[in-house]
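Trainee: Structure incoming, see below.
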Amino acid sequence: MANSRNMGMPDQGFRHGPKPRAEVSRRMSKTASNVSSRQQGADTPTFLEFFAGSGLVAEGLKGRFKSVWANDVCARKRGVYVANHGQDHFILNSISDVRGDSLPKATLSWASFPCQDLSLAGVMDGIAAARSGLVWEWLRVMDEMPEKPPVLVAENVMGLVSAEGGAYYRALHEALRERGYKAGAVVLNAVRWVPQSRPRVFVIAVKKELDIKKFSDPGPNWLHPSPVVRAAVDLKDWIWWRMRMPGPRRTVLADIIEEDAPCDDTSASARNMGLIAGRHHKRLLQELANGFKVAPGYKRTRGGRQVLELRFDGVAGCLRTPEGGSSRQLLVLRKPDGKLATRLLTVRETARLMGAPGKYKIPGSYNDGYKAMGDAVAVPVARHLAAHLLLPIAEACGASHA
Ligand SMILES: C[S@@+](CC[C@H](N)C(=O)[O-])C[C@H]1O[C@@H](n2cnc3c(N)ncnc32)[C@H](O)[C@@H]1O
């Protein structure tokens with residue numbers, strides 16, 4: 001199995017504790033460019049990317065898979081995608097207008113399909129609903145291809161395996177089986193690489209005839225928390241995928257903060273801090289005696305009252321888009337003058353929380369940038385999956401010479 005160390009690419013993790021920002025960004029860019037210059041060649045396996053959004057999956061797969069076609073319906077996200085990956089292979093249209101027989105042949109087809117109907121933060125209408133139901137359009141497009149890609153990845157929120165006792169996942173699994181695939185779901189939480197809690201489900205399917213012994217285990221492993229185990233009960237053609245665990249994460253939230261970003265004015269900061277819930281306030285006072293720098297939190301309604309709940313583990317909560325129905329994440333920070341203030345995350349901070357390289361371009365307004373990052377797949381997660389499972393599988397398919 002491919003190994004990030006022998007490929008000259010260290011895991012995208014950082015030492016715990018503060019690390020100078022310039023070094024963090026230098027390491028991130030160096031890592032990405034080393035891989036692309038050494039590995040992107042004529043024999044690089046190809047991929048199609050549905051729901052490509054702002055291109056963070058393409059960023060994570062870069063160097064190991066070559067994107068030959070990408071699509072999204074959102075013009076603003078297209079702006080982010082093409083600013084970073086070029087426009088030659090990006091199609092701006094709805095998946096409903098995509099015909100499989102017009103797509104290039106590819107080894108991998110990746111779909112990060114809309115999560116709103118499966119998201120715990122949204123209205124859970126399920127996998128048959130208008131937005132998350134677009135996964136069926138993806139399968140329809142695959143059906144129309146003269147030769148289906150041998151490897152498929154569908155990515156979504158935990159609701160895909162946990163909601164309705166796993167029924168949504170099972171429906172997708174059966175649809176994959178009917179098309180000649182065997183499959184399994186894994187959960188990767190971006191917090192293993194970056195200071196953001198972001199568990200996501202990756203359904204990985206391969207053609208039934210592929211021998212996957214060296215990529216799988218006889219039962220669950222670290223990739224399979226209990227909702228996955230429950231969803232998998234009695235499923236035919238289920239795979240317990242196996243993959244190397246990343247090293248420990250090396251950054252905390254304080255490492256990705258833009259020191260010079262403007263904070264809310266004194267009265268708005270005081271208003272926000274007045275909402276800090278009782279035990280969180282007590283903890284904040286304790287932290288202040290211990291070199292406190294920053295804590296993220298969400299405003300929530302508890303007992304009919306609005307409160308600001310903070311976390312003190314050095315990790316941000318999951319970035320979400322406004323459509324998720326939740327409030328924006330707020331930071332409480334200690335400014336250089338020692339005073340406390342509040343503010344929203346900057347767009348660059350959201351990009352850092354997604355593991356995007358320092359040079360990743362995010363054109364557009366604050367809201368565009370926040371949404372582009374909040375909807376995406378964390379780069380080091382996609383990179384790890386590509387390096388330690390998808391590329392070895394693609395090689396086993398003989399795909400690097402396809
Ligand atoms: C979960 S996001 C995927 C984000 C992307 N993987 C990334 O890393 O930025 C889902 C994407 O589906 C897109 N989308 C929604 N409806 C669509 C449709 N009918 N056709 C194509 N894309 C659509 C949204 O614009 C959004 O970018």
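Scheme for the structure tokens: letters A, B, ... for chains in order shown; per-chain residue numbers from 1; ligand numbers from 1 in order shown.
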Can you tell me which residues surround segment 290-306 of chain A at a distance of at most 7 Å, considering only C-alpha atoms, apart from same-chain residues fewer than 2 positions away, and format the answer as a PyMOL selection string?
Mentor: chain A and resi 254+275+286-288+308-312+316+327-334
Trainee: Could the residues that lie within 9 Å of ligand 1, counting only C-alpha atoms and all ligand atoms, be listed as a ChimeraX atom specification?
Mentor: /A:49-59,71-78,80-81,92-98,110-116,130-132,134,137,155-157,371-379
Trainee: Which parts of segment 159-228 of chain A does DSSP call alpha helix (DSSP H) when run on the backbone here, written out as a CSV table (one decimal) with N, CA and C atoms, in the first residue's frame?
Mentor:
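Ended up saving to part03.csv:
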```csv
chain,number,residue,atom,x,y,z
A,159,GLY,N,-25.1,11.9,8.8
A,159,GLY,CA,-26.5,11.5,8.7
A,159,GLY,C,-26.7,10.4,7.6
A,160,LEU,N,-25.8,10.4,6.6
A,160,LEU,CA,-25.9,9.4,5.6
A,160,LEU,C,-25.9,7.9,6.2
A,161,VAL,N,-25.1,7.7,7.2
A,161,VAL,CA,-25.1,6.4,7.9
A,161,VAL,C,-25.9,6.3,9.1
A,162,SER,N,-26.1,7.5,9.8
A,162,SER,CA,-26.7,7.4,11.1
A,162,SER,C,-28.2,7.6,11.1
A,167,ALA,N,-30.8,3.6,7.0
A,167,ALA,CA,-31.6,3.2,5.9
A,167,ALA,C,-31.1,4.0,4.6
A,168,TYR,N,-30.7,5.2,4.8
A,168,TYR,CA,-30.2,6.0,3.6
A,168,TYR,C,-29.0,5.3,3.0
A,169,TYR,N,-28.1,5.0,3.9
A,169,TYR,CA,-26.9,4.3,3.4
A,169,TYR,C,-27.2,3.0,2.7
A,170,ARG,N,-28.1,2.2,3.3
A,170,ARG,CA,-28.4,0.9,2.7
A,170,ARG,C,-29.1,1.1,1.3
A,171,ALA,N,-29.9,2.1,1.2
A,171,ALA,CA,-30.5,2.3,-0.2
A,171,ALA,C,-29.4,2.6,-1.2
A,172,LEU,N,-28.4,3.4,-0.8
A,172,LEU,CA,-27.3,3.8,-1.7
A,172,LEU,C,-26.4,2.5,-2.0
A,173,HIS,N,-26.2,1.7,-0.9
A,173,HIS,CA,-25.4,0.5,-1.1
A,173,HIS,C,-26.1,-0.5,-2.1
A,174,GLU,N,-27.4,-0.6,-2.0
A,174,GLU,CA,-28.1,-1.5,-2.9
A,174,GLU,C,-28.0,-1.0,-4.3
A,175,ALA,N,-28.1,0.3,-4.5
A,175,ALA,CA,-28.0,0.9,-5.8
A,175,ALA,C,-26.6,0.6,-6.4
A,176,LEU,N,-25.6,0.7,-5.6
A,176,LEU,CA,-24.3,0.4,-6.1
A,176,LEU,C,-24.1,-1.0,-6.5
A,177,ARG,N,-24.6,-1.9,-5.6
A,177,ARG,CA,-24.6,-3.4,-5.9
A,177,ARG,C,-25.2,-3.7,-7.3
A,178,GLU,N,-26.4,-3.1,-7.4
A,178,GLU,CA,-27.1,-3.4,-8.7
A,178,GLU,C,-26.3,-3.0,-9.9
A,226,SER,N,-19.6,3.4,15.5
A,226,SER,CA,-20.8,2.5,15.6
A,226,SER,C,-21.9,2.8,14.6
A,227,PRO,N,-22.2,4.0,14.2
A,227,PRO,CA,-23.2,4.2,13.2
A,227,PRO,C,-22.9,3.4,11.9
A,228,VAL,N,-21.6,3.4,11.5
A,228,VAL,CA,-21.3,2.6,10.3
A,228,VAL,C,-21.5,1.1,10.5
```
Trainee: Looking at A:Cys263, A:Gly180, A:Phe90, A:Val194, which one is nearest to Arg250 of chain A, with distances taken over only C-alpha atoms?
Mentor: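 Looking at the shortest contact to Arg250 of chain A, the residue is A:Val194.
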Trainee: Just list the residues in segment 191-289 of chain A DSSP gives strand (DSSP E or B) on the backbone, as a PyMOL selection string.
Mentor: chain A and resi 196+199-207+216-217+238+240-241+276
Trainee: Give me, as a list of chain:residue names, all polymer residues having an atom no more than 9 Å from Ala351 of chain A, counting only C-alpha atoms and skipping those fewer than 3 positions away in the same chain.
Mentor: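 Counting only the stated atoms, we get A:Thr346, A:Val347, A:Arg348, A:Met354, A:Gly355, A:Ala356, A:Pro357, A:Gly358, A:Tyr360, A:Ile362, A:Gly369, A:Tyr370, A:Met373, A:Gly374, A:Ala378.
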Trainee: Can you write out the residues you just picked, keeping C-alpha atoms, as a compact mmCIF listing (two decimals), in the first residue's frame?
Mentor:
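part31.txt was written with the following content:
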```txt
# COMPACT_ATOMS: atom_id res chain seq x y z
CA THR A 346 -12.06 35.41 8.75
CA VAL A 347 -12.28 33.70 5.35
CA ARG A 348 -8.55 32.90 5.53
CA MET A 354 -10.06 23.26 5.91
CA GLY A 355 -6.34 22.62 5.43
CA ALA A 356 -6.22 24.69 2.20
CA PRO A 357 -2.73 25.89 1.29
CA GLY A 358 -1.85 29.49 2.19
CA TYR A 360 -5.35 29.06 -2.17
CA ILE A 362 -10.81 32.67 -2.50
CA GLY A 369 -15.72 32.66 0.89
CA TYR A 370 -17.30 31.37 4.09
CA MET A 373 -15.09 26.68 2.68
CA GLY A 374 -18.01 25.64 4.90
CA ALA A 378 -10.93 19.28 4.19
```
Trainee: Using only C-alpha atoms, which residue out of A:Pro218, A:Pro246, A:Pro146, A:Pro199 lies closest to Cys318 of chain A?
Mentor: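 Checking each candidate against Cys318 of chain A, we get A:Pro199 as the closest.
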Trainee: In Å, rounded to a single decimal, give me how far atom CA of Trp240 of chain A is from atom CA of Ser216 of chain A.
Mentor: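 Between atom CA of Ser216 of chain A and atom CA of Trp240 of chain A the gap is 5.3 Å.
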Trainee: Let me make sure I understand: among A:Leu253, A:Val203, A:Ile393, A:Leu385, which one has the smallest atom-to-atom distance to Val191 of chain A if we use only C-alpha atoms?
Mentor: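 Looking at the shortest contact to Val191 of chain A, the residue is A:Leu253.
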Trainee: Which polymer residues have any atom within 7 Å of an atom of Glu144 of chain A, counting only C-alpha atoms, with same-chain residues fewer than 4 positions away left out, as a PDB file with N, CA and C atoms, in the first residue's frame?
Mentor:
```pdb
ATOM      1  N   ARG A  99     -24.864  14.501 -19.351  1.00  0.00           N
ATOM      2  CA  ARG A  99     -25.098  13.201 -19.994  1.00  0.00           C
ATOM      3  C   ARG A  99     -23.818  12.382 -19.885  1.00  0.00           C
ATOM      4  N   GLY A 100     -23.951  11.192 -19.357  1.00  0.00           N
ATOM      5  CA  GLY A 100     -22.777  10.344 -19.116  1.00  0.00           C
ATOM      6  C   GLY A 100     -22.000  10.024 -20.372  1.00  0.00           C
ATOM      7  N   ASP A 101     -22.703   9.923 -21.525  1.00  0.00           N
ATOM      8  CA  ASP A 101     -21.971   9.530 -22.739  1.00  0.00           C
ATOM      9  C   ASP A 101     -21.110  10.667 -23.296  1.00  0.00           C
ATOM     10  N   ARG A 140     -27.187   7.939 -12.218  1.00  0.00           N
ATOM     11  CA  ARG A 140     -27.772   7.940 -13.581  1.00  0.00           C
ATOM     12  C   ARG A 140     -26.697   8.320 -14.609  1.00  0.00           C
TER      13      ARG A 140
END
```
Trainee: Taking only C-alpha atoms into account, which of A:Ala83, A:Val233, A:Val307, A:Ile239 comes nearest Ile276 of chain A?
Mentor: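 Looking at the shortest contact to Ile276 of chain A, the residue is A:Val307.
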Trainee: Please identify all polymer residues within 12 Å of Arg179 of chain A, counting only C-alpha atoms, omitting same-chain residues fewer than 6 positions from it, and present them as a PyMOL selection string.
Mentor: chain A and resi 139-140+142-144+147-150+152+172-173+205-208+237
Trainee: Pick out the closest residue to Leu188 of chain A from this set: A:Lys335, A:His384, A:Arg64, A:Arg249. Count only C-alpha atoms.
Mentor: A:His384
Trainee: Skipping near chain neighbours, those fewer than 3 positions away, what residues fall within 10 Å of Asp88 of chain A using only C-alpha atoms, listed as a PyMOL selection string?
Mentor: chain A and resi 68-70+82+85+91
Trainee: Considering only C-alpha atoms, return as a ChimeraX atom specification whatever protein or nucleic-acid residues lie within 10 Å of Asn221 of chain A, sequence-local ones (same chain, fewer than 3 positions apart) excluded.
Mentor: /A:186,216-218,224-225,229,240-243
Trainee: Generate the output file for the selected residues, N, CA and C atoms, as an mmCIF file, in the first residue's frame.
Mentor:
```cif
data_model
loop_
_atom_site.group_PDB
_atom_site.id
_atom_site.type_symbol
_atom_site.label_atom_id
_atom_site.label_comp_id
_atom_site.auth_asym_id
_atom_site.auth_seq_id
_atom_site.Cartn_x
_atom_site.Cartn_y
_atom_site.Cartn_z
ATOM 1 N N VAL A 186 -16.559 4.684 5.263
ATOM 2 C CA VAL A 186 -15.600 4.984 6.332
ATOM 3 C C VAL A 186 -15.890 6.397 6.835
ATOM 4 N N SER A 216 -8.602 -4.366 2.857
ATOM 5 C CA SER A 216 -9.761 -4.503 3.751
ATOM 6 C C SER A 216 -9.438 -5.392 4.939
ATOM 7 N N ASP A 217 -10.287 -5.294 5.954
ATOM 8 C CA ASP A 217 -10.182 -6.099 7.168
ATOM 9 C C ASP A 217 -11.402 -7.000 7.262
ATOM 10 N N PRO A 218 -11.304 -8.045 8.097
ATOM 11 C CA PRO A 218 -12.481 -8.920 8.249
ATOM 12 C C PRO A 218 -13.607 -8.259 9.051
ATOM 13 N N HIS A 224 -14.456 2.862 11.325
ATOM 14 C CA HIS A 224 -15.859 2.444 11.400
ATOM 15 C C HIS A 224 -16.468 2.660 12.781
ATOM 16 N N PRO A 225 -16.911 3.883 13.101
ATOM 17 C CA PRO A 225 -17.620 4.101 14.368
ATOM 18 C C PRO A 225 -18.978 3.393 14.348
ATOM 19 N N VAL A 229 -21.082 0.670 11.697
ATOM 20 C CA VAL A 229 -21.227 -0.759 11.994
ATOM 21 C C VAL A 229 -22.705 -1.146 11.945
ATOM 22 N N TRP A 240 -15.068 -3.797 4.670
ATOM 23 C CA TRP A 240 -14.471 -3.068 5.810
ATOM 24 C C TRP A 240 -13.136 -2.528 5.316
ATOM 25 N N TRP A 241 -13.158 -1.340 4.723
ATOM 26 C CA TRP A 241 -11.931 -0.766 4.177
ATOM 27 C C TRP A 241 -10.886 -0.590 5.279
ATOM 28 N N ARG A 242 -9.642 -0.745 4.868
ATOM 29 C CA ARG A 242 -8.532 -0.566 5.812
ATOM 30 C C ARG A 242 -7.632 0.540 5.273
ATOM 31 N N MET A 243 -7.117 1.360 6.153
ATOM 32 C CA MET A 243 -6.235 2.444 5.721
ATOM 33 C C MET A 243 -5.357 2.831 6.894
#
```
Trainee: Between A:Ala154, A:Val135, A:Val252, A:Ala386, which one has atoms that come closest to Gln196 of chain A, using only C-alpha atoms?
Mentor: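 The answer is A:Val252, which sits nearest to Gln196 of chain A.
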Trainee: Report, in Å to a single decimal, how far apart atom CA of Ser109 of chain A and atom CA of His89 of chain A are.
Mentor: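 One can read the atom CA of His89 of chain A to atom CA of Ser109 of chain A distance as 14.3 Å.
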Trainee: One decimal, Å: what's the distance from atom CA of Gly165 of chain A over to atom CA of Ile212 of chain A, could you say?
Mentor: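 So the two atoms, atom CA of Gly165 of chain A and atom CA of Ile212 of chain A, lie 27.2 Å apart.
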